[in-house]
Each structure stands twice: as C-alpha cells, then as structure tokens.
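Peer 1: Structure below; questions to follow.
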Amino acid sequence: MLKGCDLEVAPGEVVGLIGPSGSGKSSLLHAAGLLEYPDAGQVAIAGQDATGLPDRARTRLRLGAIGFVYQFHHLLPELTARDNVALPQQIAGKPIAEARRHAEALLADLGLAERSHHQPAQLSGGEQQRVAIARALANAPRLILADEPTGNLDPATSVAVFDNLFEIVRRSGAAALIATHNLDLAERMDRVLALRDGHVEPWAGRA
C-alpha cells in the first residue's frame, strides 16, 4: 500500500523507480497515469490537477498527455507495426493518412523503417517493444510511464531498447518515470527513487 508518496518528474528528466515485487511500483504508475484513483493526495500533469476530473476528462488527458510502456507490449496482432502506432492517433482524431505518416517516422527513429508493415508475430521481442515505445510516443505525451519495459527481454536487447527509449525521451522533452528491477539500467537514469514501506525516497545506490 502506498502511504504519502510525493514525487515530481521534470520535463526531459528520466527517473527510475525501484523496489521489491509487491512494493507498489505498478500502483504508483497507475495512479500517476490516471488509471486508478488515489485515496488521498493530488496528481498533476503539466501543472493541471487531474485528481478530481470526471472519467471522460481523465481519458482525454490520458490519451493526449500520457504514454504507457509495459513489460509486455500488448500490440494488436492483426495490425501492422505502423497501424499499431497510428491507432492512438486516430482515436485522438488525427486523419488516418497523417497518423500513418507520423507512425512511420517514429518507427524509423527507432530503427524499424523496414519493419513497419510487419505484424507483431513477424517481429522479434526487442522490435515489438520498440513498436510499443513508438505507440506510447504517438500523441506527443508530456509524461511517459514505463513499467518494467525491458523485463521480458534478454540483457543485450534490454540495453538496446532502453537506449532507444532514453534517447527519444530526451529528444521529445517529455518527463519519464520508469519502474525497473534492472539496477544496471537504473544507474543510467538521471535519478532513482526507491519505494519502501509505501514511501518514496532517494535511492542510495547499491550496497
């Protein structure tokens, strides 16, 4: 259970979140991403207090201002990589041709220009996760929340995917909060927070 968690992530900053399984990392990300209602306190996105917004307004804010990356990519298997990335843009109201052009540009930035017309089953695990990163960035979010984004990948692929995520977050100027068990990756982030006994505190580094 979370108790009095207080944190702020600045634009362009990549913050790691570590803690043992069951410590509440996913719950904290869900609250920050407006997927769950906290019992108390405030959640503000780009200066806007989103805590008391009705469901429809929360959904609009989540769609336009927040990008999510999970351990498992959750790509739609019947769609190509391009159309998986175009879909959230279409939901936000962008014309399909424009959404597809932007999707192809994002995939190219992530080294997937030649794979944009492949379905998820035709892609490697690392490629699938890079498509998921492109999808999270499709609507130019102000905040990126990632829950163990490399946890399902081998070590070498984890580093490559993290490098992609880190670089594109820096370039976009978004704020990023990344939950991970991988301390090697955590140490490369701007700062790291540890979740212990329901509280967030600065990580002191490895013992």
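In the structure tokens, the first chain shown is A, the next is B, and so on; residue numbers restart at 1 for each chain, and ligands run from 1 in the order shown.
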Fewer than 3 positions away in the same chain doesn't count, so skip those; otherwise give me all residues within 7 Å of range 177-193 of chain A, counting only C-alpha atoms, as an mmCIF file with N, CA and C atoms, in the first residue's frame.

Peer 2:
data_model
loop_
_atom_site.group_PDB
_atom_site.id
_atom_site.type_symbol
_atom_site.label_atom_id
_atom_site.label_comp_id
_atom_site.auth_asym_id
_atom_site.auth_seq_id
_atom_site.Cartn_x
_atom_site.Cartn_y
_atom_site.Cartn_z
ATOM 1 N N GLU A 13 13.390 14.788 -18.028
ATOM 2 C CA GLU A 13 14.076 14.014 -16.987
ATOM 3 C C GLU A 13 13.628 12.561 -17.027
ATOM 4 N N VAL A 14 14.575 11.647 -16.847
ATOM 5 C CA VAL A 14 14.290 10.219 -16.791
ATOM 6 C C VAL A 14 14.554 9.753 -15.363
ATOM 7 N N VAL A 15 13.502 9.335 -14.680
ATOM 8 C CA VAL A 15 13.583 8.938 -13.276
ATOM 9 C C VAL A 15 13.285 7.451 -13.157
ATOM 10 N N GLY A 16 14.162 6.752 -12.461
ATOM 11 C CA GLY A 16 13.948 5.331 -12.212
ATOM 12 C C GLY A 16 13.176 5.114 -10.925
ATOM 13 N N LEU A 17 12.399 4.050 -10.893
ATOM 14 C CA LEU A 17 11.644 3.666 -9.696
ATOM 15 C C LEU A 17 11.941 2.201 -9.421
ATOM 16 N N ILE A 18 12.551 1.929 -8.282
ATOM 17 C CA ILE A 18 12.885 0.558 -7.934
ATOM 18 C C ILE A 18 12.184 0.169 -6.639
ATOM 19 N N LYS A 25 5.023 -0.431 -6.997
ATOM 20 C CA LYS A 25 5.505 0.340 -8.156
ATOM 21 C C LYS A 25 4.420 0.485 -9.213
ATOM 22 N N ILE A 144 5.788 10.071 -19.784
ATOM 23 C CA ILE A 144 5.894 8.674 -20.202
ATOM 24 C C ILE A 144 6.068 7.825 -18.954
ATOM 25 N N LEU A 145 5.220 6.829 -18.811
ATOM 26 C CA LEU A 145 5.270 5.905 -17.685
ATOM 27 C C LEU A 145 5.602 4.520 -18.226
ATOM 28 N N ALA A 146 6.657 3.924 -17.704
ATOM 29 C CA ALA A 146 7.090 2.614 -18.194
ATOM 30 C C ALA A 146 7.204 1.650 -17.015
ATOM 31 N N ASP A 147 6.545 0.508 -17.126
ATOM 32 C CA ASP A 147 6.515 -0.492 -16.057
ATOM 33 C C ASP A 147 7.310 -1.715 -16.516
ATOM 34 N N GLU A 148 8.546 -1.828 -16.039
ATOM 35 C CA GLU A 148 9.451 -2.923 -16.421
ATOM 36 C C GLU A 148 9.520 -3.066 -17.951
ATOM 37 N N VAL A 200 8.251 6.830 -0.957
ATOM 38 C CA VAL A 200 9.281 7.030 -1.972
ATOM 39 C C VAL A 200 10.427 7.810 -1.347
ATOM 40 N N GLU A 201 11.650 7.335 -1.587
ATOM 41 C CA GLU A 201 12.834 8.027 -1.078
ATOM 42 C C GLU A 201 13.960 7.913 -2.076
ATOM 43 N N PRO A 202 14.917 8.841 -2.074
ATOM 44 C CA PRO A 202 16.046 8.736 -2.992
ATOM 45 C C PRO A 202 16.815 7.442 -2.773
ATOM 46 N N TRP A 203 17.214 6.814 -3.860
ATOM 47 C CA TRP A 203 17.984 5.578 -3.770
ATOM 48 C C TRP A 203 19.427 5.906 -3.446
#

Peer 1: Give me the residues within 12 Å of range 36-51 of chain A as an MDAnalysis selection string, counting only C-alpha atoms and dropping any in the same chain fewer than 3 places off.

Peer 2: chainID A and resid 1:11 26:33 54:62 64:66 141:144 174:175

Peer 1: Residues of the last selection are to be written out with C-alpha atoms, as an mmCIF file, in the first residue's frame.

Peer 2:
data_model
loop_
_atom_site.group_PDB
_atom_site.id
_atom_site.type_symbol
_atom_site.label_atom_id
_atom_site.label_comp_id
_atom_site.auth_asym_id
_atom_site.auth_seq_id
_atom_site.Cartn_x
_atom_site.Cartn_y
_atom_site.Cartn_z
ATOM 1 C CA MET A 1 0.000 0.000 0.000
ATOM 2 C CA LEU A 2 1.246 3.465 -0.878
ATOM 3 C CA LYS A 3 1.493 5.932 2.009
ATOM 4 C CA GLY A 4 2.343 9.561 1.383
ATOM 5 C CA CYS A 5 4.290 9.171 -1.853
ATOM 6 C CA ASP A 6 5.499 12.576 -3.016
ATOM 7 C CA LEU A 7 7.464 12.932 -6.238
ATOM 8 C CA GLU A 8 7.886 15.222 -9.206
ATOM 9 C CA VAL A 9 9.381 14.442 -12.615
ATOM 10 C CA ALA A 10 10.586 17.377 -14.701
ATOM 11 C CA PRO A 11 10.327 17.720 -18.491
ATOM 12 C CA SER A 26 2.709 -0.568 -10.563
ATOM 13 C CA SER A 27 0.089 1.027 -8.295
ATOM 14 C CA LEU A 28 2.099 4.247 -8.219
ATOM 15 C CA LEU A 29 2.397 4.272 -12.009
ATOM 16 C CA HIS A 30 -1.327 3.581 -12.374
ATOM 17 C CA ALA A 31 -2.169 6.471 -10.067
ATOM 18 C CA ALA A 32 0.243 8.789 -11.879
ATOM 19 C CA GLY A 33 -1.233 7.671 -15.207
ATOM 20 C CA PRO A 54 -14.536 13.039 -14.276
ATOM 21 C CA ASP A 55 -13.787 9.834 -16.175
ATOM 22 C CA ARG A 56 -14.236 11.306 -19.651
ATOM 23 C CA ALA A 57 -11.859 14.203 -18.932
ATOM 24 C CA ARG A 58 -9.325 11.819 -17.392
ATOM 25 C CA THR A 59 -9.498 9.667 -20.515
ATOM 26 C CA ARG A 60 -8.892 12.685 -22.773
ATOM 27 C CA LEU A 61 -5.945 13.834 -20.674
ATOM 28 C CA ARG A 62 -4.512 10.316 -20.549
ATOM 29 C CA GLY A 64 -3.118 13.228 -25.132
ATOM 30 C CA ALA A 65 -0.648 13.764 -22.306
ATOM 31 C CA ILE A 66 0.489 10.328 -21.091
ATOM 32 C CA PRO A 141 2.824 12.904 -24.423
ATOM 33 C CA ARG A 142 4.141 15.179 -21.694
ATOM 34 C CA LEU A 143 4.666 12.183 -19.389
ATOM 35 C CA ILE A 144 5.894 8.674 -20.202
ATOM 36 C CA ALA A 174 8.853 14.500 -22.045
ATOM 37 C CA ALA A 175 9.132 13.525 -18.401
#

Peer 1: Just list the residues in range 15-54 of chain A DSSP gives strand (DSSP E or B) on the backbone, as a list of chain:residue names.

Peer 2: A:Val15, A:Gly16, A:Leu17, A:Ile18, A:Ala44, A:Ile45, A:Gln48, A:Asp49

Peer 1: Please indicate the distance in Å from CA of Ala121 in chain A to CA of His74 in chain A, rounded to one decimal place.

Peer 2: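 One can read the CA of Ala121 in chain A to CA of His74 in chain A distance as 11.8 Å.
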
Peer 1: DSSP on the backbone, alpha helix (DSSP H) only: what residues of chain A does that give? Format it as a count of residues only.

Peer 2: 79
